[in-house]
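Undergrad: input10.txt is the file, holding compact mmCIF, C-alpha atoms:
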```txt
# COMPACT_ATOMS: atom_id res chain seq x y z
CA MET A 47 16.58 -2.57 -41.35
CA TYR A 48 19.50 -0.87 -43.10
CA CYS A 49 18.57 2.40 -41.36
CA LEU A 50 19.28 0.96 -37.91
CA ALA A 51 22.43 -0.84 -39.09
CA LEU A 52 23.92 2.36 -40.56
CA ALA A 53 22.90 4.42 -37.52
CA LEU A 54 24.66 1.98 -35.17
CA ARG A 55 27.70 1.95 -37.45
CA TYR A 56 27.98 5.74 -37.33
CA LEU A 57 27.48 5.61 -33.55
CA ARG A 58 30.82 3.80 -33.28
CA ARG A 59 32.61 6.94 -34.47
CA ARG A 60 33.99 7.48 -30.99
CA ARG A 61 35.35 11.01 -30.89
CA VAL A 62 32.52 12.80 -32.64
CA THR A 63 29.79 10.71 -31.07
CA CYS A 64 31.25 11.08 -27.58
CA LEU A 65 31.02 14.87 -27.87
CA GLY A 66 27.29 14.69 -28.50
CA ILE A 67 26.69 12.11 -25.80
CA THR A 68 28.70 14.16 -23.29
CA ALA A 69 26.71 17.31 -24.08
CA VAL A 70 23.40 15.53 -23.54
CA ALA A 71 24.62 13.70 -20.41
CA LEU A 72 25.89 16.91 -18.77
CA GLY A 73 22.56 18.64 -19.37
CA VAL A 74 20.55 15.75 -17.88
CA PHE A 75 23.01 15.40 -14.98
CA ALA A 76 22.92 19.09 -14.03
CA PHE A 77 19.13 19.32 -14.29
CA VAL A 78 18.39 16.21 -12.21
CA VAL A 79 20.94 17.02 -9.49
CA VAL A 80 20.03 20.68 -9.02
CA VAL A 81 16.26 20.24 -9.15
CA GLY A 82 16.49 17.02 -7.09
CA VAL A 83 18.37 18.81 -4.30
CA MET A 84 16.07 21.83 -4.27
CA GLU A 85 12.90 19.76 -4.36
CA GLY A 86 14.29 17.42 -1.71
CA PHE A 87 15.13 20.42 0.46
CA ARG A 88 11.56 21.73 0.12
CA GLN A 89 10.00 18.36 0.94
CA GLU A 90 12.30 17.70 3.91
CA LEU A 91 11.77 21.17 5.34
CA ARG A 92 8.02 20.81 4.91
CA LYS A 93 8.06 17.42 6.66
CA ARG A 94 10.14 18.71 9.57
CA LEU A 95 8.02 21.82 9.97
CA ARG A 96 4.95 19.63 10.14
CA ALA A 97 6.62 17.32 12.68
CA THR A 98 7.59 20.31 14.85
CA LEU A 99 4.57 22.59 14.46
CA GLY A 100 1.87 19.95 14.01
CA ASP A 101 -0.49 19.08 11.18
CA VAL A 102 -3.09 21.78 11.77
CA MET A 103 -3.21 24.89 13.99
CA VAL A 104 -6.20 26.82 15.31
CA VAL A 105 -5.52 30.46 16.26
CA GLY A 106 -7.59 33.53 17.08
CA GLY A 107 -9.77 34.37 20.09
CA LEU A 108 -8.48 31.50 22.22
CA ARG A 109 -7.35 33.67 25.13
CA ASP A 110 -11.00 33.74 26.18
CA GLU A 111 -11.25 30.51 28.20
CA GLY A 112 -15.00 30.09 27.58
CA PHE A 113 -14.62 30.49 23.83
CA ARG A 114 -11.64 28.10 23.82
CA ARG A 115 -13.65 25.42 25.62
CA ARG A 116 -16.42 25.69 23.03
CA VAL A 117 -13.87 25.36 20.24
CA GLN A 118 -12.26 22.33 21.89
CA GLU A 119 -15.63 20.63 22.31
CA VAL A 120 -16.31 21.02 18.60
CA LEU A 121 -12.86 19.72 17.67
CA GLN A 122 -13.15 16.67 19.94
CA ARG A 123 -16.28 15.58 18.09
CA GLU A 124 -14.54 15.68 14.71
CA PRO A 125 -13.16 12.34 13.42
CA GLN A 126 -10.42 14.25 11.58
CA VAL A 127 -8.78 15.19 14.91
CA THR A 128 -6.89 12.45 16.76
CA ALA A 129 -5.15 14.62 19.40
CA THR A 130 -4.89 18.26 20.49
CA SER A 131 -2.34 20.31 22.41
CA ALA A 132 -2.74 23.84 23.79
CA HIS A 133 0.09 26.37 23.43
CA LEU A 134 0.78 29.74 24.96
CA GLY A 135 3.63 31.41 23.12
CA GLY A 136 5.61 34.58 23.59
CA VAL A 137 8.97 36.24 22.98
CA GLY A 138 11.68 36.63 25.59
CA ILE A 139 15.40 36.72 26.29
CA LEU A 140 17.19 33.69 27.72
CA ARG A 141 20.19 34.31 29.94
CA LEU A 142 22.65 31.43 29.96
CA ARG A 143 25.73 30.89 32.08
CA GLY A 144 28.09 28.14 31.07
CA GLU A 145 31.48 27.25 29.67
CA GLY A 146 32.87 29.27 26.78
CA ALA A 147 34.91 28.06 23.81
CA SER A 148 38.21 28.30 25.70
CA GLY A 149 36.85 26.81 28.91
CA GLU A 150 36.31 30.03 30.85
CA PRO A 151 32.91 30.96 32.37
CA ALA A 152 30.71 32.80 29.87
CA THR A 153 27.31 34.49 29.92
CA ALA A 154 25.06 34.91 26.89
CA PHE A 155 21.72 36.60 26.25
CA LYS A 156 19.68 35.14 23.38
CA LYS A 157 16.32 36.08 21.93
CA VAL A 158 13.97 33.10 22.11
CA PHE A 159 10.41 32.09 21.34
CA VAL A 160 8.82 30.68 24.49
CA GLU A 161 6.25 27.90 24.08
CA GLY A 162 4.18 26.85 27.09
CA VAL A 163 3.03 23.25 26.56
CA ASN A 164 1.74 20.17 28.30
CA PRO A 165 4.50 17.63 27.46
CA GLU A 166 2.23 14.58 27.27
CA ARG A 167 -0.30 16.26 24.99
CA GLU A 168 2.47 17.79 22.88
CA ALA A 169 4.07 14.36 22.39
CA ALA A 170 0.72 13.04 21.10
CA VAL A 171 0.44 15.82 18.50
CA THR A 172 4.00 16.43 17.24
CA ASP A 173 7.37 14.66 17.30
CA PHE A 174 8.16 16.39 20.59
CA ALA A 175 9.03 13.07 22.30
CA THR A 176 11.48 11.90 19.63
CA HIS A 177 13.16 15.32 19.46
CA LEU A 178 13.91 15.48 23.20
CA ARG A 179 17.48 14.81 24.38
CA ASP A 180 18.44 13.64 27.93
CA VAL A 181 14.80 13.74 29.02
CA THR A 182 11.41 12.25 28.11
CA PRO A 183 7.85 13.63 28.22
CA ASP A 184 7.12 11.20 31.08
CA ASP A 185 10.00 12.69 33.07
CA LEU A 186 8.64 16.19 32.55
CA ALA A 187 5.16 15.09 33.61
CA ASP A 188 6.45 13.22 36.68
CA TRP A 189 8.26 16.31 37.91
CA ASP A 190 4.92 18.09 38.33
CA GLU A 191 6.32 21.06 36.39
CA THR A 192 9.18 21.73 38.82
CA VAL A 193 12.71 20.37 39.15
CA GLU A 194 14.51 21.04 42.44
CA GLY A 195 12.15 23.86 43.26
CA LEU A 196 12.20 25.54 39.83
CA PRO A 197 9.96 25.05 36.75
CA TRP A 198 11.58 22.92 34.03
CA LEU A 199 12.76 24.38 30.73
CA VAL A 200 13.75 22.53 27.56
CA ALA A 201 15.88 24.54 25.13
CA GLY A 202 16.89 23.98 21.52
CA GLU A 203 20.25 22.23 21.39
CA GLU A 204 21.85 25.12 19.51
CA LEU A 205 20.97 27.50 22.35
CA THR A 206 22.88 25.55 25.00
CA ALA A 207 25.88 24.71 22.79
CA ARG A 208 27.51 28.18 22.93
CA PRO A 209 28.13 28.65 25.81
CA ARG A 210 27.87 25.03 26.86
CA VAL A 211 25.28 24.82 29.61
CA PRO A 212 24.98 21.51 31.52
CA LYS A 213 21.70 19.78 32.28
CA GLY A 214 20.30 20.86 35.64
CA ALA A 215 21.74 24.37 35.48
CA GLU A 216 19.63 27.35 36.44
CA VAL A 217 18.72 29.69 33.59
CA ARG A 218 16.77 32.91 33.61
CA LEU A 219 14.06 33.97 31.21
CA LEU A 220 13.38 37.69 30.71
CA LEU A 221 9.98 38.71 29.37
CA PRO A 222 9.35 42.28 28.17
CA LYS A 223 6.95 44.17 30.43
CA ALA A 224 7.25 47.72 29.15
CA LEU A 225 9.74 49.75 27.16
CA GLY A 226 13.11 48.91 28.69
CA GLU A 227 11.56 46.84 31.51
CA TYR A 228 11.61 43.06 31.92
CA ASP A 229 10.24 40.49 34.32
CA SER A 230 12.81 37.85 35.25
CA PHE A 231 11.93 34.18 35.94
CA SER A 232 14.19 31.30 36.97
CA PHE A 233 14.00 27.84 35.39
CA ARG A 234 15.86 24.55 35.65
CA LEU A 235 17.36 23.27 32.38
CA ALA A 236 15.83 19.80 32.13
CA GLY A 237 17.24 18.86 28.73
CA SER A 238 17.45 19.93 25.11
CA ILE A 239 15.43 19.39 21.96
CA SER A 240 16.72 18.70 18.44
CA SER A 241 14.23 18.94 15.59
CA GLY A 242 16.82 19.05 12.80
CA VAL A 243 15.59 22.51 11.77
CA HIS A 244 18.18 25.09 12.82
CA GLU A 245 15.63 27.91 13.02
CA PHE A 246 13.80 26.07 15.81
CA ASP A 247 16.79 24.52 17.56
CA SER A 248 18.46 27.93 17.91
CA GLN A 249 15.43 29.99 18.98
CA PHE A 250 12.74 27.89 20.70
CA VAL A 251 12.39 26.97 24.38
CA TYR A 252 9.58 24.98 25.99
CA VAL A 253 8.24 25.52 29.52
CA PRO A 254 5.21 24.16 31.42
CA LEU A 255 1.95 25.63 30.16
CA ARG A 256 0.96 26.74 33.67
CA SER A 257 4.29 28.55 34.12
CA ALA A 258 3.81 30.38 30.82
CA GLN A 259 0.34 31.45 31.94
CA GLN A 260 1.71 32.70 35.25
CA MET A 261 4.52 34.64 33.55
CA GLN A 262 2.01 36.40 31.28
CA GLU A 263 -0.47 36.79 34.17
CA ARG A 264 -3.18 35.05 32.16
CA PRO A 265 -4.38 31.97 34.07
CA GLY A 266 -6.07 29.40 31.81
CA SER A 267 -5.16 31.31 28.64
CA VAL A 268 -3.74 29.85 25.42
CA ASN A 269 -3.16 31.40 22.00
CA ARG A 270 -2.91 28.31 19.78
CA LEU A 271 -4.34 24.81 19.52
CA VAL A 272 -2.20 22.27 17.67
CA LEU A 273 -4.01 19.29 16.11
CA ARG A 274 -2.96 15.94 14.73
CA VAL A 275 -4.96 14.45 11.87
CA PRO A 276 -4.95 10.81 10.68
CA GLU A 277 -2.17 9.72 8.32
CA ASP A 278 -4.63 9.10 5.47
CA VAL A 279 -6.15 12.59 5.72
CA SER A 280 -4.52 15.55 3.98
CA PRO A 281 -4.05 18.60 6.26
CA ASP A 282 -5.52 20.81 3.52
CA VAL A 283 -8.69 18.69 3.43
CA ALA A 284 -8.85 18.63 7.23
CA VAL A 285 -8.60 22.43 7.40
CA GLU A 286 -11.65 22.88 5.18
CA GLY A 287 -13.72 20.39 7.17
CA LEU A 288 -12.70 21.75 10.58
CA TYR A 289 -13.32 25.36 9.61
CA GLY A 290 -16.78 24.45 8.31
CA ALA A 291 -17.58 22.53 11.51
CA LEU A 292 -16.47 25.43 13.71
CA ARG A 293 -18.42 27.98 11.69
CA SER A 294 -21.65 25.97 11.85
CA ALA A 295 -21.28 25.02 15.53
CA LEU A 296 -20.40 28.49 16.81
CA GLY A 297 -23.22 30.18 14.91
CA PRO A 298 -23.35 33.09 12.45
CA ASP A 299 -22.94 35.72 15.18
CA THR A 300 -19.55 34.37 16.33
CA ILE A 301 -16.35 34.82 14.36
CA PRO A 302 -14.69 31.37 14.17
CA PRO A 303 -10.96 31.00 14.79
CA VAL A 304 -8.55 30.66 11.90
CA VAL A 305 -7.54 27.11 10.93
CA LEU A 306 -4.14 26.74 9.23
CA THR A 307 -1.79 24.01 8.08
CA SER A 308 1.89 24.15 8.99
CA ASP A 309 2.59 25.16 5.38
CA GLU A 310 0.29 28.16 5.68
CA PHE A 311 1.93 29.08 8.97
CA ASN A 312 5.23 29.54 7.05
CA PRO A 313 4.01 30.60 3.59
CA ASN A 314 6.87 32.87 2.59
CA LEU A 315 9.62 30.33 3.31
CA LEU A 316 8.11 27.47 1.33
CA ALA A 317 6.93 29.76 -1.48
CA ALA A 318 10.44 31.17 -1.87
CA ILE A 319 11.91 27.67 -2.17
CA ARG A 320 9.26 26.68 -4.73
CA LEU A 321 9.99 29.82 -6.79
CA GLN A 322 13.75 29.14 -6.68
CA THR A 323 13.15 25.60 -7.94
CA LYS A 324 11.09 26.88 -10.87
CA MET A 325 13.69 29.52 -11.75
CA ALA A 326 16.50 26.97 -11.59
CA SER A 327 14.51 24.66 -13.88
CA MET A 328 13.99 27.43 -16.42
CA VAL A 329 17.67 28.39 -16.42
CA LEU A 330 18.88 24.78 -16.67
CA SER A 331 16.50 24.04 -19.53
CA PHE A 332 18.52 26.42 -21.70
CA TYR A 333 21.44 24.02 -21.39
CA PHE A 334 19.56 21.66 -23.66
CA LEU A 335 19.85 24.32 -26.36
CA VAL A 336 23.63 24.03 -26.01
CA ALA A 337 23.37 20.25 -26.31
CA GLY A 338 21.12 20.69 -29.35
CA VAL A 339 23.64 22.99 -31.05
CA ALA A 340 26.42 20.46 -30.38
CA VAL A 341 24.36 17.62 -31.85
CA PHE A 342 23.44 19.79 -34.87
CA ALA A 343 27.10 20.49 -35.58
CA ILE A 344 28.03 16.83 -35.21
CA MET A 345 25.19 15.67 -37.45
CA THR A 346 26.03 18.22 -40.12
CA MET A 347 29.66 17.07 -40.15
CA VAL A 348 28.62 13.41 -40.37
CA VAL A 349 26.30 14.18 -43.30
CA VAL A 350 29.15 15.85 -45.17
CA GLU A 351 31.52 12.96 -44.46
CA LYS A 352 28.97 10.31 -45.40
CA THR A 353 27.83 11.85 -48.67
CA ARG A 354 29.27 8.91 -50.68
CA ASP A 355 27.52 6.37 -48.42
CA MET A 356 24.18 8.09 -48.92
CA GLY A 357 24.74 8.13 -52.68
CA VAL A 358 25.34 4.37 -52.67
CA VAL A 359 22.25 3.78 -50.53
CA ARG A 360 20.10 5.81 -52.88
CA ALA A 361 21.65 4.15 -55.98
CA VAL A 362 20.80 0.64 -54.78
CA GLY A 363 17.18 1.58 -54.04
CA GLY A 364 17.18 3.33 -50.69
CA SER A 365 14.29 5.73 -50.20
CA VAL A 366 14.34 9.35 -49.13
CA ARG A 367 12.60 8.37 -45.89
CA GLY A 368 15.17 5.65 -45.31
CA VAL A 369 18.11 8.03 -45.64
CA MET A 370 16.39 10.52 -43.36
CA GLY A 371 15.68 7.72 -40.89
CA VAL A 372 19.37 6.80 -40.71
CA PHE A 373 20.33 10.19 -39.29
CA LEU A 374 17.25 10.52 -37.08
CA LEU A 375 18.06 7.14 -35.54
CA TYR A 376 21.67 8.25 -35.14
CA GLY A 377 20.54 11.38 -33.28
CA LEU A 378 18.06 9.35 -31.21
CA ALA A 379 20.84 6.94 -30.23
CA ILE A 380 23.01 9.86 -29.06
CA GLY A 381 20.11 11.18 -26.99
CA LEU A 382 19.28 7.80 -25.42
CA VAL A 383 22.88 7.03 -24.47
CA GLY A 384 23.38 10.56 -23.11
CA ASP A 385 20.13 10.25 -21.12
CA ALA A 386 21.22 6.94 -19.59
CA ILE A 387 24.67 8.22 -18.61
CA GLY A 388 23.30 11.49 -17.21
CA ILE A 389 20.61 9.76 -15.14
CA ALA A 390 23.02 7.17 -13.75
CA ALA A 391 25.63 9.82 -12.88
CA SER A 392 23.03 12.04 -11.21
CA ARG A 393 21.72 9.15 -9.10
CA LEU A 394 25.22 8.23 -7.92
CA THR A 395 25.98 11.88 -7.12
CA LEU A 396 22.75 12.38 -5.16
CA GLU A 397 23.43 9.28 -3.06
CA ARG A 398 26.86 10.65 -2.12
CA LEU A 399 25.99 14.31 -1.60
CA ASP A 400 26.90 14.42 2.09
CA TRP A 401 30.16 12.58 1.41
CA LEU A 402 31.01 15.11 -1.32
CA ARG A 403 30.04 17.99 0.97
CA HIS A 404 32.37 16.79 3.74
CA LEU A 405 35.13 16.12 1.20
CA ILE A 406 34.90 19.69 -0.17
CA SER A 407 34.80 21.11 3.35
CA ARG A 408 37.86 19.10 4.42
CA TRP A 409 39.93 19.99 1.35
CA THR A 410 39.00 23.66 0.97
CA GLY A 411 37.72 24.72 4.40
CA TRP A 412 34.54 26.00 2.75
CA GLU A 413 31.21 24.62 3.93
CA PRO A 414 28.88 24.46 0.87
CA PHE A 415 25.80 23.66 2.98
CA PRO A 416 25.93 25.58 6.30
CA LYS A 417 23.05 24.50 8.52
CA GLU A 418 22.79 28.02 9.98
CA LEU A 419 21.68 29.20 6.55
CA TYR A 420 19.66 26.25 5.26
CA MET A 421 18.19 25.22 8.66
CA LEU A 422 18.81 21.49 8.08
CA ASP A 423 21.63 19.35 9.44
CA ALA A 424 21.81 17.02 6.40
CA LEU A 425 21.66 17.63 2.66
CA PRO A 426 18.28 16.32 1.41
CA TRP A 427 17.49 15.19 -2.13
CA THR A 428 14.84 13.42 -4.13
CA PHE A 429 15.01 11.26 -7.26
CA SER A 430 11.52 11.52 -8.65
CA PRO A 431 10.59 9.24 -11.59
CA TRP A 432 8.43 12.04 -12.94
CA LEU A 433 11.42 14.42 -12.90
CA VAL A 434 13.63 11.85 -14.63
CA LEU A 435 11.04 11.19 -17.35
CA THR A 436 10.49 14.91 -17.92
CA VAL A 437 14.20 15.70 -18.20
CA SER A 438 14.80 12.69 -20.47
CA ALA A 439 11.96 13.77 -22.76
CA MET A 440 13.33 17.33 -22.93
CA ALA A 441 16.80 16.06 -23.85
CA LEU A 442 15.48 13.69 -26.54
CA ALA A 443 13.26 16.42 -27.98
CA ALA A 444 16.23 18.81 -28.21
CA VAL A 445 18.38 16.16 -29.91
CA LEU A 446 15.69 15.10 -32.40
CA LEU A 447 14.87 18.69 -33.34
CA SER A 448 18.58 19.34 -33.90
CA SER A 449 18.78 16.24 -36.11
CA LEU A 450 15.90 17.17 -38.40
CA TYR A 451 17.71 19.60 -40.70
CA PRO A 452 20.87 17.48 -41.20
CA ALA A 453 18.69 14.41 -41.85
CA TRP A 454 16.55 16.34 -44.36
CA ARG A 455 19.67 17.64 -46.06
CA ALA A 456 21.07 14.12 -46.36
CA ALA A 457 17.78 12.85 -47.80
CA ARG A 458 17.85 15.51 -50.55
CA LEU A 459 21.22 14.34 -51.90
CA GLN A 460 21.03 13.08 -55.50
CA PRO A 461 22.82 9.74 -56.05
CA VAL A 462 24.23 10.80 -59.47
CA GLU A 463 25.77 13.96 -58.09
CA THR A 464 27.23 12.25 -55.01
CA LEU A 465 28.86 9.46 -57.08
CA ARG A 466 30.05 11.53 -60.05
CA TYR A 467 33.61 11.97 -58.80
CA GLU A 468 33.93 8.60 -57.03
```
Using structure tokens, write down the structure from this file.

TA:
Amino acid sequence: MYCLALALRYLRRRRVTCLGITAVALGVFAFVVVVGVMEGFRQELRKRLRATLGDVMVVGGLRDEGFRRRVQEVLQREPQVTATSAHLGGVGILRLRGEGASGEPATAFKKVFVEGVNPEREAAVTDFATHLRDVTPDDLADWDETVEGLPWLVAGEELTARPRVPKGAEVRLLLPKALGEYDSFSFRLAGSISSGVHEFDSQFVYVPLRSAQQMQERPGSVNRLVLRVPEDVSPDVAVEGLYGALRSALGPDTIPPVVLTSDEFNPNLLAAIRLQTKMASMVLSFYFLVAGVAVFAIMTMVVVEKTRDMGVVRAVGGSVRGVMGVFLLYGLAIGLVGDAIGIAASRLTLERLDWLRHLISRWTGWEPFPKELYMLDALPWTFSPWLVLTVSAMALAAVLLSSLYPAWRAARLQPVETLRYE
């Protein structure tokens, strides 16, 4: 009992104790905030990619209409598939005429990825319907693929922002035909689409599937099937089952198409973020060494100052383990209080990240989170209980290891020697 009482008494030494608590709290705070932001960014980007690209994609050999029909028949029989949408994609140049920054007429040419889709089927597979602005999938379907005599086109909102192009304007799409030659097609801007991922909102346009087939002179052709799987089924599990079903149904003499998840469709991007998170965790973990050194110095100083107290404790019957327990409990108390402060501060900071970002941008003119670079329009974060427990355990382990030697040194003090000059 006296061990805890003495440890709490030493904890009230404000200046020295506050240094140790601050060192531990800063380490926990930095680790939780940095890793929480990076992991939140990875999870949010993964979720938005899945909402935009679909759960599962089937590619390879689908330009052959007969082969595609066989593949679709197999997929329709699978309980893991709830909806499908056919795509025909390509690369082109979008010519826009609108209003420039100063109000004068402006023309811009932008490289775009063209996706030919059926709007109703696409809305059943992805979040296409919720991403649309100023138009709905029903509107697109009711127009029978044309608006005022021209096929409709839906562009990412970043594409039509500079120059500002109004809804209903005529735009032209240039598709490469040969080296230095392009075929030009006119479309009616029916609306815009905002997925929240800058890479898509600044580069993707959607047109009717039939128009895309006509532009590429491939009637009935598609190059990708996008699938939706049930909420309780993992896309990774669905990929294995669908690939096995296609391979057995098509026979050993037919090469089955490739089945991918949206993560596998963008492997380098997500892998780079995951690697950055691991590297940041490794670098930040060294900060706990700094906290450990600070606690070691504080504990050593306290042992020197409390030599007389330890002599009295030993003289009245205190054990070696008891004296050692006093300083281990003191170090543990520093770690627990530092953990609590660091976790609370990190939670409050994460909840106000966007407010802090706007405050920094307003005061300094520097944007710490440009969406053109990070492809998201809001700063994501996560506060995982597993992350908090791991970081807290690392901090406590560093503090306890740093407390071992000072506690052992205090336990070795001889009561006669410590009280000789008192």

Undergrad: For segment 74-87 of chain A, work out the shell of residues within 8 Å, counting only C-alpha atoms and skipping chain neighbours fewer than 4 positions away, then give it as a ChimeraX atom specification.

TA: /A:70,91,319-320,323,326-327,330-331,384-385,388-389,391-393,395-396,425-430,433-434,437-438,441

Undergrad: Considering all atoms listed in the file, can you say which of A:Leu196, A:Leu273, A:Leu399, A:Leu186 comes closest to Ala97 of chain A?

TA: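 Checking each candidate against Ala97 of chain A, we get A:Leu273 as the closest.
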
Undergrad: Counting only C-alpha atoms, note down every residue that has an atom within 12 Å of the point (7.8, 26.1, 1.0) (file coordinates), as a list in words.

TA: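 Those within range, by chain then number, are Met84, Glu85, Gly86, Phe87, Arg88, Gln89, Glu90, Leu91, Arg92, Lys93, Arg94, Leu95, Arg96, Ser308, Asp309, Glu310, Phe311, Asn312, Pro313, Asn314, Leu315, Leu316, Ala317, Ala318, Ile319, Arg320, Leu321, Gln322 and Thr323 of chain A.
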
Undergrad: Would you export the selected residues with C-alpha atoms as a compact mmCIF listing (two decimals), in the frame of the given file, please?

TA:
```
# COMPACT_ATOMS: atom_id res chain seq x y z
CA MET A 84 16.07 21.83 -4.27
CA GLU A 85 12.90 19.76 -4.36
CA GLY A 86 14.29 17.42 -1.71
CA PHE A 87 15.13 20.42 0.46
CA ARG A 88 11.56 21.73 0.12
CA GLN A 89 10.00 18.36 0.94
CA GLU A 90 12.30 17.70 3.91
CA LEU A 91 11.77 21.17 5.34
CA ARG A 92 8.02 20.81 4.91
CA LYS A 93 8.06 17.42 6.66
CA ARG A 94 10.14 18.71 9.57
CA LEU A 95 8.02 21.82 9.97
CA ARG A 96 4.95 19.63 10.14
CA SER A 308 1.89 24.15 8.99
CA ASP A 309 2.59 25.16 5.38
CA GLU A 310 0.29 28.16 5.68
CA PHE A 311 1.93 29.08 8.97
CA ASN A 312 5.23 29.54 7.05
CA PRO A 313 4.01 30.60 3.59
CA ASN A 314 6.87 32.87 2.59
CA LEU A 315 9.62 30.33 3.31
CA LEU A 316 8.11 27.47 1.33
CA ALA A 317 6.93 29.76 -1.48
CA ALA A 318 10.44 31.17 -1.87
CA ILE A 319 11.91 27.67 -2.17
CA ARG A 320 9.26 26.68 -4.73
CA LEU A 321 9.99 29.82 -6.79
CA GLN A 322 13.75 29.14 -6.68
CA THR A 323 13.15 25.60 -7.94
```

Undergrad: Counting all atoms listed in the file, what is within 12 Å of segment 281-290 of chain A, bar same-chain residues fewer than 3 positions away, as a PDB file with C-alpha atoms, keeping the file's coordinate frame?

TA:
```
ATOM      1  CA  ARG A  96       4.950  19.630  10.140  1.00  0.00           C
ATOM      2  CA  GLY A 100       1.870  19.950  14.010  1.00  0.00           C
ATOM      3  CA  ASP A 101      -0.490  19.080  11.180  1.00  0.00           C
ATOM      4  CA  VAL A 102      -3.090  21.780  11.770  1.00  0.00           C
ATOM      5  CA  MET A 103      -3.210  24.890  13.990  1.00  0.00           C
ATOM      6  CA  VAL A 104      -6.200  26.820  15.310  1.00  0.00           C
ATOM      7  CA  VAL A 105      -5.520  30.460  16.260  1.00  0.00           C
ATOM      8  CA  VAL A 117     -13.870  25.360  20.240  1.00  0.00           C
ATOM      9  CA  GLN A 118     -12.260  22.330  21.890  1.00  0.00           C
ATOM     10  CA  VAL A 120     -16.310  21.020  18.600  1.00  0.00           C
ATOM     11  CA  LEU A 121     -12.860  19.720  17.670  1.00  0.00           C
ATOM     12  CA  GLN A 122     -13.150  16.670  19.940  1.00  0.00           C
ATOM     13  CA  ARG A 123     -16.280  15.580  18.090  1.00  0.00           C
ATOM     14  CA  GLU A 124     -14.540  15.680  14.710  1.00  0.00           C
ATOM     15  CA  PRO A 125     -13.160  12.340  13.420  1.00  0.00           C
ATOM     16  CA  GLN A 126     -10.420  14.250  11.580  1.00  0.00           C
ATOM     17  CA  VAL A 127      -8.780  15.190  14.910  1.00  0.00           C
ATOM     18  CA  THR A 128      -6.890  12.450  16.760  1.00  0.00           C
ATOM     19  CA  LEU A 273      -4.010  19.290  16.110  1.00  0.00           C
ATOM     20  CA  ARG A 274      -2.960  15.940  14.730  1.00  0.00           C
ATOM     21  CA  VAL A 275      -4.960  14.450  11.870  1.00  0.00           C
ATOM     22  CA  PRO A 276      -4.950  10.810  10.680  1.00  0.00           C
ATOM     23  CA  GLU A 277      -2.170   9.720   8.320  1.00  0.00           C
ATOM     24  CA  ASP A 278      -4.630   9.100   5.470  1.00  0.00           C
ATOM     25  CA  ARG A 293     -18.420  27.980  11.690  1.00  0.00           C
ATOM     26  CA  SER A 294     -21.650  25.970  11.850  1.00  0.00           C
ATOM     27  CA  ALA A 295     -21.280  25.020  15.530  1.00  0.00           C
ATOM     28  CA  LEU A 296     -20.400  28.490  16.810  1.00  0.00           C
ATOM     29  CA  GLY A 297     -23.220  30.180  14.910  1.00  0.00           C
ATOM     30  CA  PRO A 298     -23.350  33.090  12.450  1.00  0.00           C
ATOM     31  CA  ILE A 301     -16.350  34.820  14.360  1.00  0.00           C
ATOM     32  CA  PRO A 302     -14.690  31.370  14.170  1.00  0.00           C
ATOM     33  CA  PRO A 303     -10.960  31.000  14.790  1.00  0.00           C
ATOM     34  CA  VAL A 304      -8.550  30.660  11.900  1.00  0.00           C
ATOM     35  CA  VAL A 305      -7.540  27.110  10.930  1.00  0.00           C
ATOM     36  CA  LEU A 306      -4.140  26.740   9.230  1.00  0.00           C
ATOM     37  CA  THR A 307      -1.790  24.010   8.080  1.00  0.00           C
ATOM     38  CA  SER A 308       1.890  24.150   8.990  1.00  0.00           C
ATOM     39  CA  ASP A 309       2.590  25.160   5.380  1.00  0.00           C
ATOM     40  CA  GLU A 310       0.290  28.160   5.680  1.00  0.00           C
TER      41      GLU A 310
END
```

Undergrad: Expressed in Å to a single decimal, how great is the separation between atom CA of Leu335 of chain A and atom CA of Ala71 of chain A?

TA: 13.1 Å

Undergrad: If I take atom CA of Val160 of chain A and atom CA of Glu227 of chain A, how far is one from the other in Å, to one decimal?

TA: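 Atom CA of Glu227 of chain A lies 17.8 Å from atom CA of Val160 of chain A.
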
Undergrad: For segment 235-245 of chain A, please output as JSON, numbers by chain all residues within 10 Å (counting all atoms listed in the file; exclusion window: fewer than 5 positions along the same chain).

TA: {"A": [90, 91, 94, 95, 97, 98, 173, 174, 175, 176, 177, 178, 179, 180, 181, 182, 185, 186, 192, 193, 196, 197, 198, 199, 200, 201, 202, 203, 204, 205, 206, 207, 211, 212, 213, 214, 215, 216, 217, 218, 250, 251, 252, 253, 417, 418, 419, 420, 421, 422, 423, 424]}

Undergrad: Quick one: of A:Ala439, A:Leu394, A:Val272, A:Ile139, who's nearest to Leu219 of chain A, counting all atoms listed in the file?

TA: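 That would be A:Ile139, the residue with the smallest distance to Leu219 of chain A.
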
Undergrad: Go through A:Gly112, A:Gly381, A:Gly411, A:Ala169 and flag the residue nearest Val445 of chain A, using only C-alpha atoms for the distances.

TA: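 Using only C-alpha atoms, Val445 of chain A sits closest to A:Gly381.
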
Undergrad: Counting all atoms listed in the file, figure out which residue out of A:Asp229, A:Glu413, A:Met328, A:Leu442 gets nearest to Ile380 of chain A.

TA: A:Leu442

Undergrad: Expressed in Å to a single decimal, how great is the separation between atom CA of Gly144 of chain A and atom CA of Phe246 of chain A?

TA: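 Atom-to-atom, atom CA of Gly144 of chain A and atom CA of Phe246 of chain A are spaced 21.0 Å apart.
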